[in-house]
file protein.cif (mmCIF, C-alpha atoms)
data_target
loop_
_atom_site.label_atom_id
_atom_site.label_comp_id
_atom_site.auth_asym_id
_atom_site.auth_seq_id
_atom_site.Cartn_x
_atom_site.Cartn_y
_atom_site.Cartn_z
CA MET K 1 9.43 35.13 -7.06
CA THR K 2 9.92 35.25 -3.29
CA PHE K 3 9.00 32.13 -1.33
CA THR K 4 8.12 32.72 2.31
CA PRO K 5 7.87 29.80 4.77
CA GLU K 6 4.10 29.83 4.29
CA ARG K 7 4.48 29.83 0.52
CA THR K 8 6.60 26.68 0.64
CA LEU K 9 4.15 24.75 2.85
CA ALA K 10 2.38 23.35 -0.18
CA GLN K 11 5.69 22.14 -1.60
CA LYS K 12 6.34 20.26 1.64
CA VAL K 13 2.93 18.59 1.92
CA ARG K 14 1.78 17.89 -1.64
CA SER K 15 3.58 14.56 -1.71
CA ASP K 16 1.33 13.51 1.20
CA PHE K 17 -1.75 13.68 -1.05
CA PRO K 18 -1.58 11.05 -3.81
CA ILE K 19 -4.83 12.12 -5.46
CA LEU K 20 -3.34 15.48 -6.42
CA HIS K 21 -0.75 13.87 -8.69
CA GLN K 22 -2.92 12.98 -11.65
CA GLN K 23 -4.27 14.42 -14.86
CA VAL K 24 -7.90 15.25 -15.54
CA ASN K 25 -8.88 15.63 -19.18
CA GLY K 26 -5.20 15.55 -20.06
CA LYS K 27 -4.28 18.42 -17.74
CA PRO K 28 -2.73 18.42 -14.25
CA LEU K 29 -5.45 18.35 -11.63
CA ILE K 30 -6.05 21.64 -9.84
CA TYR K 31 -8.39 20.89 -6.95
CA PHE K 32 -10.22 24.04 -5.82
CA ASP K 33 -13.27 22.39 -4.25
CA ASN K 34 -11.98 22.00 -0.71
CA ALA K 35 -15.03 23.57 0.91
CA ALA K 36 -17.08 20.67 -0.41
CA THR K 37 -14.61 18.00 0.68
CA SER K 38 -10.88 17.89 1.30
CA GLN K 39 -8.37 15.40 -0.04
CA LYS K 40 -6.80 12.85 2.29
CA PRO K 41 -3.14 12.53 3.25
CA LEU K 42 -1.34 9.20 3.16
CA SER K 43 -1.29 9.00 6.95
CA VAL K 44 -5.11 8.96 6.96
CA LEU K 45 -5.35 6.50 4.07
CA ASN K 46 -2.79 4.21 5.71
CA THR K 47 -4.66 4.36 9.01
CA LEU K 48 -7.81 3.13 7.30
CA GLN K 49 -5.95 0.31 5.59
CA ASP K 50 -4.10 -0.66 8.77
CA TYR K 51 -7.35 -0.94 10.71
CA TYR K 52 -8.94 -3.28 8.19
CA GLN K 53 -5.78 -5.31 7.66
CA GLN K 54 -4.49 -5.51 11.23
CA TYR K 55 -7.23 -5.12 13.86
CA ASN K 56 -10.69 -4.95 12.30
CA ALA K 57 -13.13 -5.64 15.15
CA ASN K 58 -16.10 -4.10 16.87
CA VAL K 59 -15.41 -1.76 19.76
CA HIS K 60 -16.39 -1.89 23.45
CA ARG K 61 -18.03 -5.31 23.10
CA GLY K 62 -15.22 -7.83 23.04
CA VAL K 63 -12.45 -8.89 25.37
CA HIS K 64 -10.29 -10.41 22.64
CA THR K 65 -7.13 -8.71 21.46
CA LEU K 66 -8.42 -7.23 18.21
CA SER K 67 -11.45 -5.69 19.89
CA ALA K 68 -9.31 -4.25 22.66
CA LYS K 69 -6.93 -2.71 20.12
CA ALA K 70 -9.80 -1.27 18.05
CA THR K 71 -11.47 0.13 21.16
CA ASP K 72 -8.24 1.75 22.31
CA ALA K 73 -7.63 3.39 18.92
CA TYR K 74 -11.28 4.53 18.66
CA GLU K 75 -11.25 6.16 22.09
CA LYS K 76 -7.83 7.70 21.51
CA ALA K 77 -9.32 9.38 18.45
CA ARG K 78 -11.95 10.93 20.71
CA ASP K 79 -9.18 12.25 22.97
CA LYS K 80 -7.44 13.77 19.95
CA VAL K 81 -10.59 15.56 18.80
CA ALA K 82 -11.29 16.82 22.33
CA GLN K 83 -7.79 18.25 22.57
CA PHE K 84 -7.97 19.69 19.03
CA VAL K 85 -10.99 21.88 19.88
CA ASN K 86 -9.99 22.30 23.56
CA ALA K 87 -12.99 20.58 25.11
CA LYS K 88 -12.90 20.33 28.90
CA SER K 89 -13.65 16.62 28.84
CA ARG K 90 -13.50 13.74 26.38
CA GLN K 91 -17.12 13.03 27.37
CA GLU K 92 -18.06 16.22 25.54
CA ILE K 93 -17.16 14.72 22.14
CA ILE K 94 -19.83 12.62 20.41
CA PHE K 95 -18.95 10.85 17.17
CA THR K 96 -21.62 11.22 14.47
CA ARG K 97 -21.82 10.42 10.76
CA ASN K 98 -21.31 14.09 9.87
CA ALA K 99 -22.17 17.61 11.00
CA THR K 100 -25.70 17.23 9.65
CA GLU K 101 -26.37 14.33 11.98
CA ALA K 102 -24.80 16.26 14.85
CA ILE K 103 -27.16 19.19 14.30
CA ASN K 104 -30.11 16.83 14.06
CA LEU K 105 -29.02 15.19 17.31
CA VAL K 106 -29.27 18.54 19.10
CA ALA K 107 -32.49 19.44 17.29
CA TYR K 108 -34.29 16.25 18.24
CA SER K 109 -32.77 15.60 21.65
CA TRP K 110 -32.68 19.16 22.98
CA GLY K 111 -34.91 21.19 20.67
CA MET K 112 -37.94 18.91 20.66
CA ASN K 113 -37.82 18.62 24.45
CA ASN K 114 -37.08 22.20 25.45
CA LEU K 115 -38.90 24.48 23.01
CA GLN K 116 -42.55 25.43 23.05
CA PRO K 117 -44.97 27.87 21.38
CA GLY K 118 -43.74 31.44 21.67
CA ASP K 119 -40.06 30.48 21.86
CA GLU K 120 -37.74 31.81 19.18
CA ILE K 121 -34.82 30.25 17.29
CA ILE K 122 -32.38 32.66 15.64
CA LEU K 123 -30.51 31.54 12.52
CA SER K 124 -28.92 33.58 9.72
CA VAL K 125 -29.69 33.81 6.02
CA MET K 126 -26.22 32.44 5.24
CA GLU K 127 -26.79 29.06 6.88
CA HIS K 128 -26.20 25.75 5.14
CA HIS K 129 -29.42 23.82 4.63
CA SER K 130 -28.26 21.42 7.34
CA ASN K 131 -28.54 24.26 9.83
CA ILE K 132 -31.98 25.35 8.63
CA VAL K 133 -34.06 22.27 7.85
CA PRO K 134 -33.69 20.55 11.26
CA TRP K 135 -34.83 23.73 12.99
CA GLN K 136 -37.79 23.96 10.61
CA PHE K 137 -38.73 20.46 11.80
CA VAL K 138 -38.40 21.57 15.41
CA ALA K 139 -40.40 24.74 14.88
CA ALA K 140 -43.19 22.83 13.14
CA LYS K 141 -43.42 20.31 16.02
CA THR K 142 -42.99 22.66 18.97
CA GLY K 143 -44.62 25.87 17.80
CA ALA K 144 -41.37 27.81 18.13
CA THR K 145 -40.66 30.60 15.65
CA LEU K 146 -37.64 31.00 13.37
CA LYS K 147 -35.94 34.39 13.06
CA TYR K 148 -33.15 35.19 10.60
CA VAL K 149 -30.19 37.56 10.82
CA GLU K 150 -29.53 39.28 7.50
CA LEU K 151 -26.33 40.74 6.03
CA THR K 152 -24.49 44.03 6.35
CA PRO K 153 -23.71 46.02 3.18
CA GLN K 154 -20.33 44.22 3.22
CA GLU K 155 -22.22 40.89 3.12
CA THR K 156 -21.24 39.82 6.60
CA PHE K 157 -23.27 38.78 9.66
CA ASP K 158 -25.33 41.77 10.83
CA LEU K 159 -24.42 41.83 14.51
CA GLN K 160 -26.56 44.90 15.22
CA GLN K 161 -29.66 43.24 13.80
CA PHE K 162 -28.81 40.13 15.79
CA GLN K 163 -28.78 42.16 18.98
CA ASN K 164 -32.14 43.65 18.05
CA LEU K 165 -33.62 40.17 17.50
CA LEU K 166 -32.53 38.89 20.90
CA SER K 167 -35.22 38.89 23.56
CA PRO K 168 -36.51 36.82 26.48
CA LYS K 169 -38.21 34.67 23.81
CA THR K 170 -34.85 33.64 22.32
CA LYS K 171 -34.06 30.10 23.39
CA LEU K 172 -31.60 29.00 20.72
CA VAL K 173 -29.11 30.61 18.34
CA SER K 174 -27.61 28.36 15.66
CA VAL K 175 -25.14 29.98 13.28
CA VAL K 176 -22.25 29.12 11.02
CA HIS K 177 -18.70 30.02 12.03
CA ILE K 178 -17.49 30.55 8.46
CA SER K 179 -19.93 30.86 5.56
CA ASN K 180 -19.32 28.30 2.82
CA THR K 181 -20.49 30.87 0.25
CA LEU K 182 -19.54 34.30 1.58
CA GLY K 183 -16.35 33.21 3.27
CA CYS K 184 -17.00 35.62 6.14
CA ILE K 185 -15.76 34.67 9.60
CA ASN K 186 -18.59 35.33 12.02
CA PRO K 187 -17.91 36.79 15.49
CA VAL K 188 -18.99 33.62 17.25
CA SER K 189 -17.57 34.49 20.66
CA GLU K 190 -19.52 37.74 20.71
CA ILE K 191 -22.62 35.98 19.38
CA CYS K 192 -22.40 33.47 22.23
CA ASN K 193 -21.85 36.16 24.84
CA LEU K 194 -24.83 38.20 23.64
CA ALA K 195 -27.11 35.17 23.41
CA HIS K 196 -26.14 33.92 26.86
CA GLN K 197 -27.09 37.28 28.35
CA TRP K 198 -30.67 36.40 27.39
CA GLY K 199 -30.37 32.82 28.61
CA ALA K 200 -30.27 31.32 25.11
CA LYS K 201 -28.18 28.34 24.03
CA VAL K 202 -25.84 28.56 21.04
CA LEU K 203 -24.83 25.97 18.43
CA ILE K 204 -21.94 26.72 16.08
CA ASP K 205 -21.56 25.05 12.67
CA ALA K 206 -17.77 24.85 12.40
CA CYS K 207 -17.46 22.74 9.23
CA GLN K 208 -15.57 25.47 7.38
CA SER K 209 -13.52 26.68 10.33
CA VAL K 210 -12.16 23.60 12.12
CA PRO K 211 -9.95 22.54 9.14
CA HIS K 212 -8.61 26.05 8.49
CA ILE K 213 -8.19 28.11 11.68
CA PRO K 214 -7.59 27.36 15.36
CA VAL K 215 -10.93 26.63 17.06
CA ASP K 216 -11.26 26.70 20.86
CA VAL K 217 -14.71 25.80 22.17
CA GLN K 218 -13.93 27.15 25.62
CA GLN K 219 -12.84 30.50 24.20
CA ILE K 220 -15.89 30.65 21.96
CA ASN K 221 -18.06 29.52 24.91
CA CYS K 222 -20.60 27.83 22.63
CA ASP K 223 -23.00 25.25 24.01
CA TRP K 224 -22.58 22.94 21.02
CA LEU K 225 -20.26 22.85 18.03
CA VAL K 226 -20.37 20.52 15.03
CA ALA K 227 -17.92 19.55 12.29
CA SER K 228 -17.55 16.99 9.50
CA GLY K 229 -14.47 14.81 9.13
CA HIS K 230 -14.45 14.78 5.34
CA LYS K 231 -13.85 18.54 5.26
CA MET K 232 -10.88 18.21 7.64
CA TYR K 233 -8.80 15.68 5.66
CA ALA K 234 -10.51 12.65 7.24
CA PRO K 235 -12.81 10.10 5.56
CA THR K 236 -16.48 10.54 4.81
CA GLY K 237 -19.01 9.07 7.21
CA ILE K 238 -17.55 10.58 10.38
CA GLY K 239 -18.13 13.88 12.18
CA PHE K 240 -18.47 15.06 15.72
CA LEU K 241 -20.61 17.02 18.12
CA TYR K 242 -19.05 18.96 20.96
CA GLY K 243 -21.44 19.81 23.76
CA LYS K 244 -21.03 21.21 27.24
CA LEU K 245 -21.04 18.32 29.65
CA GLU K 246 -24.01 19.41 31.75
CA LEU K 247 -26.12 19.94 28.63
CA LEU K 248 -25.30 16.54 27.17
CA GLN K 249 -26.00 14.88 30.49
CA ALA K 250 -29.47 16.45 30.59
CA MET K 251 -30.35 15.56 26.99
CA PRO K 252 -32.18 12.27 26.30
CA PRO K 253 -30.74 9.80 23.76
CA PHE K 254 -31.23 10.58 20.10
CA LEU K 255 -31.19 6.98 18.80
CA GLY K 256 -31.94 3.74 20.59
CA GLY K 257 -30.16 0.41 20.23
CA GLY K 258 -26.97 -1.29 21.21
CA GLU K 259 -24.04 0.47 22.81
CA MET K 260 -26.07 3.41 24.18
CA ILE K 261 -27.62 1.34 26.94
CA ALA K 262 -26.61 0.36 30.46
CA GLU K 263 -29.27 -2.34 30.91
CA VAL K 264 -32.24 -3.45 28.82
CA PHE K 265 -35.36 -5.05 30.28
CA LEU K 266 -38.52 -6.01 28.44
CA ASP K 267 -40.40 -2.95 29.64
CA TYR K 268 -37.68 -0.30 30.06
CA SER K 269 -34.00 0.45 29.58
CA THR K 270 -31.34 2.48 31.30
CA TYR K 271 -28.74 4.41 29.36
CA ALA K 272 -24.97 4.45 29.22
CA ASP K 273 -22.89 7.33 30.44
CA LEU K 274 -21.53 9.96 28.08
CA PRO K 275 -20.38 9.88 25.39
CA HIS K 276 -21.84 6.46 24.57
CA LYS K 277 -25.41 7.52 25.35
CA PHE K 278 -25.49 9.21 21.94
CA GLU K 279 -23.60 6.60 19.92
CA ALA K 280 -26.14 3.87 19.25
CA GLY K 281 -25.12 0.84 17.21
CA THR K 282 -21.79 -0.10 15.71
CA PRO K 283 -19.97 3.18 15.08
CA ALA K 284 -17.83 4.16 12.12
CA VAL K 285 -14.79 2.64 13.80
CA ALA K 286 -12.28 2.92 10.96
CA GLU K 287 -13.45 6.40 10.03
CA ALA K 288 -13.23 7.67 13.62
CA ILE K 289 -9.71 6.29 14.01
CA ALA K 290 -8.77 7.92 10.70
CA LEU K 291 -10.29 11.19 11.92
CA GLY K 292 -7.82 10.95 14.79
CA ALA K 293 -5.05 10.51 12.23
CA ALA K 294 -6.27 13.62 10.38
CA VAL K 295 -6.17 15.58 13.62
CA ASP K 296 -2.61 14.34 14.16
CA TYR K 297 -1.70 15.48 10.65
CA LEU K 298 -3.17 18.97 11.08
CA THR K 299 -1.59 19.31 14.50
CA SER K 300 1.82 18.29 13.16
CA ILE K 301 1.66 21.18 10.67
CA GLY K 302 0.10 23.63 13.11
CA MET K 303 -3.24 25.37 12.63
CA ASP K 304 -1.57 28.79 12.87
CA LYS K 305 0.71 27.87 9.95
CA ILE K 306 -2.23 26.52 7.97
CA HIS K 307 -4.19 29.71 8.55
CA ALA K 308 -1.20 31.89 7.55
CA CYS K 309 -0.61 29.87 4.39
CA GLU K 310 -4.25 29.99 3.33
CA ALA K 311 -4.47 33.71 4.10
CA GLN K 312 -1.58 34.31 1.74
CA LEU K 313 -3.31 32.26 -0.95
CA THR K 314 -6.54 34.17 -0.34
CA ALA K 315 -4.86 37.54 -0.79
CA TYR K 316 -3.29 36.42 -4.05
CA LEU K 317 -6.51 34.87 -5.37
CA PHE K 318 -8.45 38.07 -4.70
CA GLN K 319 -5.77 40.24 -6.28
CA GLN K 320 -6.04 38.24 -9.48
CA LEU K 321 -9.84 37.92 -9.55
CA GLU K 322 -10.34 41.63 -9.01
CA LYS K 323 -8.47 42.29 -12.27
CA ILE K 324 -11.25 40.59 -14.24
CA PRO K 325 -14.05 43.14 -14.82
CA GLN K 326 -16.76 40.58 -15.68
CA ILE K 327 -16.56 38.99 -12.22
CA LYS K 328 -18.76 39.81 -9.23
CA ILE K 329 -17.41 38.50 -5.92
CA TYR K 330 -19.65 37.79 -2.92
CA GLY K 331 -18.72 38.32 0.69
CA PRO K 332 -16.23 40.66 2.36
CA LYS K 333 -12.84 41.49 0.92
CA PRO K 334 -9.76 40.22 2.74
CA ASN K 335 -7.18 42.67 4.00
CA ALA K 336 -3.78 42.98 2.34
CA LYS K 337 -2.57 39.89 4.20
CA GLY K 338 -5.57 37.85 3.12
CA GLU K 339 -7.09 37.85 6.61
CA GLY K 340 -10.67 38.58 7.58
CA ARG K 341 -12.26 35.85 5.50
CA ALA K 342 -11.80 32.21 4.57
CA ALA K 343 -9.78 30.86 1.65
CA LEU K 344 -12.79 30.54 -0.61
CA VAL K 345 -14.53 32.83 -3.04
CA ALA K 346 -17.99 32.58 -4.60
CA PHE K 347 -18.49 34.65 -7.73
CA THR K 348 -20.56 35.13 -10.86
CA VAL K 349 -19.50 36.05 -14.37
CA THR K 350 -21.57 38.34 -16.55
CA GLN K 351 -23.72 36.32 -19.00
CA VAL K 352 -22.12 32.99 -18.02
CA HIS K 353 -23.94 30.46 -15.88
CA ALA K 354 -21.86 29.03 -13.05
CA ASN K 355 -22.45 25.46 -14.25
CA ASP K 356 -21.18 26.28 -17.74
CA LEU K 357 -18.14 27.95 -16.24
CA SER K 358 -17.40 24.95 -14.05
CA THR K 359 -17.84 22.54 -16.97
CA LEU K 360 -15.35 24.32 -19.18
CA LEU K 361 -12.84 24.74 -16.35
CA ASP K 362 -13.08 21.01 -15.74
CA GLN K 363 -11.88 20.49 -19.31
CA GLU K 364 -8.71 22.25 -18.16
CA GLY K 365 -8.35 19.94 -15.16
CA ILE K 366 -9.64 22.55 -12.71
CA ALA K 367 -12.22 21.44 -10.15
CA ILE K 368 -14.41 24.18 -8.73
CA ARG K 369 -17.96 24.14 -7.37
CA SER K 370 -21.04 25.59 -9.04
CA GLY K 371 -24.63 25.93 -7.91
CA HIS K 372 -26.15 27.13 -4.65
CA HIS K 373 -23.73 25.29 -2.32
CA CYS K 374 -26.64 24.17 -0.12
CA THR K 375 -27.41 27.82 0.65
CA GLN K 376 -30.50 28.46 -1.46
CA PRO K 377 -31.99 31.08 0.91
CA LEU K 378 -28.71 33.02 0.78
CA HIS K 379 -28.59 32.90 -3.01
CA ARG K 380 -32.15 34.21 -3.17
CA TYR K 381 -31.16 36.96 -0.75
CA LEU K 382 -28.22 37.83 -3.00
CA ASN K 383 -30.43 37.60 -6.11
CA ALA K 384 -28.04 35.04 -7.58
CA ALA K 385 -29.43 31.88 -9.15
CA ALA K 386 -26.06 30.17 -8.78
CA THR K 387 -22.45 31.03 -8.08
CA ALA K 388 -19.11 29.50 -8.94
CA ARG K 389 -16.88 28.79 -5.95
CA ALA K 390 -13.15 28.28 -5.73
CA SER K 391 -12.06 27.06 -2.30
CA LEU K 392 -8.44 26.52 -1.33
CA SER K 393 -6.35 24.42 1.01
CA PHE K 394 -2.80 24.67 2.29
CA TYR K 395 -1.78 22.13 -0.37
CA ASN K 396 -2.76 24.53 -3.15
CA THR K 397 -0.20 26.83 -4.77
CA HIS K 398 0.16 30.27 -6.28
CA GLU K 399 0.98 28.58 -9.58
CA GLU K 400 -2.34 26.76 -9.48
CA ILE K 401 -4.10 30.08 -8.90
CA ASP K 402 -2.29 31.51 -11.95
CA ALA K 403 -3.45 28.55 -14.06
CA PHE K 404 -7.00 28.94 -12.75
CA ILE K 405 -7.05 32.65 -13.55
CA GLN K 406 -5.70 32.08 -17.04
CA ALA K 407 -8.30 29.37 -17.75
CA LEU K 408 -11.02 31.55 -16.27
CA LYS K 409 -10.09 34.45 -18.56
CA GLU K 410 -10.05 32.16 -21.58
CA THR K 411 -13.45 30.75 -20.63
CA ILE K 412 -14.91 34.24 -20.27
CA ASP K 413 -13.46 35.24 -23.63
CA PHE K 414 -14.99 32.13 -25.18
CA PHE K 415 -18.46 33.02 -23.94
CA SER K 416 -17.95 36.68 -24.85
CA GLY K 417 -17.39 35.58 -28.43
CA ILE K 418 -20.62 33.60 -28.37
CA PHE K 419 -22.68 36.51 -27.05
CA ALA K 420 -20.93 39.18 -29.15
#
call {"tool": "encode", "arguments": {"input": "protein.cif", "output": "structure tokens"}}
result
Amino acid sequence: MTFTPERTLAQKVRSDFPILHQQVNGKPLIYFDNAATSQKPLSVLNTLQDYYQQYNANVHRGVHTLSAKATDAYEKARDKVAQFVNAKSRQEIIFTRNATEAINLVAYSWGMNNLQPGDEIILSVMEHHSNIVPWQFVAAKTGATLKYVELTPQETFDLQQFQNLLSPKTKLVSVVHISNTLGCINPVSEICNLAHQWGAKVLIDACQSVPHIPVDVQQINCDWLVASGHKMYAPTGIGFLYGKLELLQAMPPFLGGGEMIAEVFLDYSTYADLPHKFEAGTPAVAEAIALGAAVDYLTSIGMDKIHACEAQLTAYLFQQLEKIPQIKIYGPKPNAKGEGRAALVAFTVTQVHANDLSTLLDQEGIAIRSGHHCTQPLHRYLNAAATARASLSFYNTHEEIDAFIQALKETIDFFSGIFA
């Protein structure tokens, strides 16, 4: 077996992830649920522990040494995130609990104050619920109308239909960068360019792209972009919103309380400058600092190397899955190099429910996802009650894929015997 530099990346990094070195149900853990949440390297775990052991304090509010150290680390994490996505200014990065909160921030702060009856919001049928439900709230309150882009025959974003939906009524486009079910990589730069020609704003859900491919907000030219830390090797409870500076400056605060104020009087308040205007209350200090450590970790490897490694894994995974006749795969096929889609695959097996499949694979120590992956409208569109999903990371290996395929075949044979 030939080992390319990309193929050996997993060998180099697996020791950084202690959770991977265990047995589940008596079998070595094979973690193929990275689209749901990623595992955390030691550098991130140590950063969390160091904060609580060495300089646990609130930020921005104290002049003592621990507070100053915590504040410095917290704000350095913001700088790291800004550089990671190539924001023009650190003021354009707002820390949130997760991408869901970031989308809601834009929905309530911008959407509720800028949309009115007759305006249109364009989403796609492949959106995560977090990028549908907030806009349903906005539409119900403002009288705006939701429009949805459907799929091409290859189960990708229908760019032609999107162009047909655009009109002077279009005020907002909010779409996913990479589908967590289809794995397709949407042409977000072109989507932004087309939407801007009609004067519409664009929000990009980058939860599945930021951890896996280079993301440049200036190149994409989106108005907002959101991501969740726990999908990018950072802790839970932290995410971020990128927004163009002039937009964020014009948006009113989303939450009121401490930290987001300049001065408070009994009858009115004035608000802090960006980014603090949108960070009310005590933030997730440890988690934000650890997000900075995760960014450091990804940067030290290189996002181009991560993408190349995962593309190679994707190509191999598809080659093996396509040999199993009972499997139906959703989303576009990768090219021979594994490019053109993300390192995840949602699939169904003839006469086997996805939950049953996942349960039996778990008995073999293999963790995959089953269900609708928070994309119920997409599953209805695909006429699939549920799918199984295997999603990979650069710490996964070809050998793990082989073990997964073997267990999958055995599981299918087991159910075939039942239904024979």
call {"tool": "closest_atom_pairs", "arguments": {"input": "protein.cif", "of": "region 105-146 of chain K", "to": "region 194-210 of chain K", "cutoff": "10 Å", "atoms": "only C-alpha atoms", "output": "Markdown table"}}
result
| residue | atom | partner | partner_atom | distance |
| --- | --- | --- | --- | --- |
| K:Val106 | CA | K:Leu203 | CA | 8.7 |
| K:Glu120 | CA | K:Ala200 | CA | 9.6 |
| K:Ile121 | CA | K:Ala200 | CA | 9.1 |
| K:Ile122 | CA | K:Val202 | CA | 9.4 |
| K:Leu123 | CA | K:Leu203 | CA | 9.9 |
| K:Glu127 | CA | K:Asp205 | CA | 8.8 |
| K:His128 | CA | K:Asp205 | CA | 8.9 |
| K:Ser130 | CA | K:Asp205 | CA | 9.3 |
| K:Asn131 | CA | K:Asp205 | CA | 7.6 |
call {"tool": "resolve_selection", "arguments": {"input": "protein.cif", "expression": "the PyMOL selection byres ((chain K and resi 340) around 10)", "output": "tab-separated table (two decimals) with C-alpha atoms, keeping the file's coordinate frame"}}
result
chain	number	residue	atom	x	y	z
K	183	GLY	CA	-16.35	33.21	3.27
K	184	CYS	CA	-17.00	35.62	6.14
K	185	ILE	CA	-15.76	34.67	9.60
K	186	ASN	CA	-18.59	35.33	12.02
K	311	ALA	CA	-4.47	33.71	4.10
K	314	THR	CA	-6.54	34.17	-0.34
K	332	PRO	CA	-16.23	40.66	2.36
K	333	LYS	CA	-12.84	41.49	0.92
K	334	PRO	CA	-9.76	40.22	2.74
K	335	ASN	CA	-7.18	42.67	4.00
K	336	ALA	CA	-3.78	42.98	2.34
K	337	LYS	CA	-2.57	39.89	4.20
K	338	GLY	CA	-5.57	37.85	3.12
K	339	GLU	CA	-7.09	37.85	6.61
K	341	ARG	CA	-12.26	35.85	5.50
K	342	ALA	CA	-11.80	32.21	4.57
K	343	ALA	CA	-9.78	30.86	1.65
call {"tool": "residues_around", "arguments": {"input": "protein.cif", "residues": "region 360-371 of chain K", "least_positions_apart": "3", "cutoff": "6 Å", "atoms": "all atoms listed in the file", "output": "ChimeraX atom specification"}}
result
/K:24-25,27-33,354-355,357,386-390
call {"tool": "residues_around", "arguments": {"input": "protein.cif", "residues": "Gln83 (chain K)", "least_positions_apart": "4", "cutoff": "12 Å", "atoms": "all atoms listed in the file", "output": "VMD selection string"}}
result
chain K and resid 76 to 79 87 to 93 214 to 218 242 292 295 to 296 299
call {"tool": "residues_around", "arguments": {"input": "protein.cif", "residues": "Thr37 (chain K)", "least_positions_apart": "6", "cutoff": "9 Å", "atoms": "only C-alpha atoms", "output": "short mmCIF file (atom, residue, chain, number, x, y, z; two decimals) with C-alpha atoms, in the frame of the given file"}}
result
data_model
loop_
_atom_site.label_atom_id
_atom_site.label_comp_id
_atom_site.auth_asym_id
_atom_site.auth_seq_id
_atom_site.Cartn_x
_atom_site.Cartn_y
_atom_site.Cartn_z
CA HIS K 230 -14.45 14.78 5.34
CA LYS K 231 -13.85 18.54 5.26
CA MET K 232 -10.88 18.21 7.64
CA TYR K 233 -8.80 15.68 5.66
CA THR K 236 -16.48 10.54 4.81
#
call {"tool": "resolve_selection", "arguments": {"input": "protein.cif", "expression": "the PyMOL selection byres ((chain K and resi 378) around 9)", "output": "compact mmCIF listing (two decimals) with C-alpha atoms, in the frame of the given file"}}
result
# COMPACT_ATOMS: atom_id res chain seq x y z
CA SER K 124 -28.92 33.58 9.72
CA VAL K 125 -29.69 33.81 6.02
CA MET K 126 -26.22 32.44 5.24
CA GLU K 127 -26.79 29.06 6.88
CA HIS K 128 -26.20 25.75 5.14
CA THR K 181 -20.49 30.87 0.25
CA HIS K 372 -26.15 27.13 -4.65
CA THR K 375 -27.41 27.82 0.65
CA GLN K 376 -30.50 28.46 -1.46
CA PRO K 377 -31.99 31.08 0.91
CA HIS K 379 -28.59 32.90 -3.01
CA ARG K 380 -32.15 34.21 -3.17
CA TYR K 381 -31.16 36.96 -0.75
CA LEU K 382 -28.22 37.83 -3.00
CA ASN K 383 -30.43 37.60 -6.11
CA ALA K 384 -28.04 35.04 -7.58
call {"tool": "residues_around", "arguments": {"input": "protein.cif", "residues": "Gly143 (chain K)", "least_positions_apart": "5", "cutoff": "8 Å", "atoms": "all atoms listed in the file", "output": "list in words"}}
result
Leu115, Gln116, Pro117, Gly118, Asp119 and Val138 of chain K
call {"tool": "closest_residue", "arguments": {"input": "protein.cif", "among": "K:Gly417, K:Gly239, K:Pro275, K:Gly62", "to": "Thr100 (chain K)", "atoms": "only C-alpha atoms"}}
result
K:Gly239
call {"tool": "closest_residue", "arguments": {"input": "protein.cif", "among": "K:Gln249, K:Thr71, K:Gln54, K:Ser228", "to": "Thr282 (chain K)", "atoms": "all atoms listed in the file"}}
result
K:Thr71
call {"tool": "atom_distance", "arguments": {"input": "protein.cif", "atom1": "CA of Leu408 (chain K)", "atom2": "CA of Leu317 (chain K)"}}
result
12.3 Å
call {"tool": "build_atoms", "arguments": {"input": "protein.cif", "residues": "region 203-211 of chain K", "atoms": "N, CA and C atoms", "output": "PDB file, in the frame of the given file"}}
result
ATOM      1  N   LEU K 203     -25.490  27.017  19.204  1.00  0.00           N
ATOM      2  CA  LEU K 203     -24.830  25.970  18.430  1.00  0.00           C
ATOM      3  C   LEU K 203     -24.031  26.627  17.309  1.00  0.00           C
ATOM      4  N   ILE K 204     -22.804  26.187  17.132  1.00  0.00           N
ATOM      5  CA  ILE K 204     -21.940  26.720  16.080  1.00  0.00           C
ATOM      6  C   ILE K 204     -21.646  25.628  15.051  1.00  0.00           C
ATOM      7  N   ASP K 205     -21.929  25.928  13.781  1.00  0.00           N
ATOM      8  CA  ASP K 205     -21.560  25.050  12.670  1.00  0.00           C
ATOM      9  C   ASP K 205     -20.140  25.414  12.261  1.00  0.00           C
ATOM     10  N   ALA K 206     -19.189  24.553  12.611  1.00  0.00           N
ATOM     11  CA  ALA K 206     -17.770  24.850  12.400  1.00  0.00           C
ATOM     12  C   ALA K 206     -17.160  24.041  11.254  1.00  0.00           C
ATOM     13  N   CYS K 207     -17.983  23.571  10.328  1.00  0.00           N
ATOM     14  CA  CYS K 207     -17.460  22.740   9.230  1.00  0.00           C
ATOM     15  C   CYS K 207     -16.370  23.435   8.433  1.00  0.00           C
ATOM     16  N   GLN K 208     -16.533  24.744   8.201  1.00  0.00           N
ATOM     17  CA  GLN K 208     -15.570  25.470   7.380  1.00  0.00           C
ATOM     18  C   GLN K 208     -14.477  26.137   8.189  1.00  0.00           C
ATOM     19  N   SER K 209     -14.547  26.039   9.503  1.00  0.00           N
ATOM     20  CA  SER K 209     -13.520  26.680  10.330  1.00  0.00           C
ATOM     21  C   SER K 209     -12.544  25.687  10.930  1.00  0.00           C
ATOM     22  N   VAL K 210     -13.033  24.559  11.439  1.00  0.00           N
ATOM     23  CA  VAL K 210     -12.160  23.600  12.120  1.00  0.00           C
ATOM     24  C   VAL K 210     -10.970  23.160  11.260  1.00  0.00           C
ATOM     25  N   PRO K 211     -11.119  22.970   9.930  1.00  0.00           N
ATOM     26  CA  PRO K 211      -9.950  22.540   9.140  1.00  0.00           C
ATOM     27  C   PRO K 211      -8.986  23.670   8.789  1.00  0.00           C
TER      28      PRO K 211
END
